[in-house]
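Okay, so here's the structure we're looking at.
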Amino acid sequence: MKKSVRTIWIAMLSVVAFLVACVSSKGLTKTEKAKLVRERDSIQEILNRREGACVYGPPEVIQAFGAETQRLRHQLDSINQRLGEDEPK
């Protein structure tokens, strides 16, 4: 009796775990993935142009340029991470 109750309990937990895994899928849809790829490509293009740029002006302008470049790099890393998590393993 104990063994059958334990078997049923394990089976029920397995079914619940399976259903939760199916319902809470965190993968990207094709449109989300395409949007992220386009955004990644445009940010990469901007960073490539900024890489060799000479910035002239007061220190505030140079600092703002550097801060914006750093923000774009972080955004690119974030997008790459989201796309990498979505890749099948």
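Residues are named by chain letter and number: chains run A, B, ... in the order of the structure tokens, numbers start at 1 in each chain, and ligands are numbered from 1 in the order shown.
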
Please list as a count of residues only every residue within 12 Å of Glu68 (chain A), counting only C-alpha atoms and excluding residues in the same chain fewer than 5 positions away.
10

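Non-sequential neighbours of Asp41 (chain A) (distance at most 12 Å, separation of 6 or more positions within a chain, only C-alpha atoms) are Ala34, Lys35, Leu47, Asn48, Leu72, Gln75, Leu76, Ile79 and Asn80 of chain A.
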
Among chain A, which residues does DSSP mark as alpha helix (DSSP H) when it is run on the backbone? Keep the chain and numbering as in the structure and answer as number ranges by chain.
A: 2-23, 30-51, 59-86
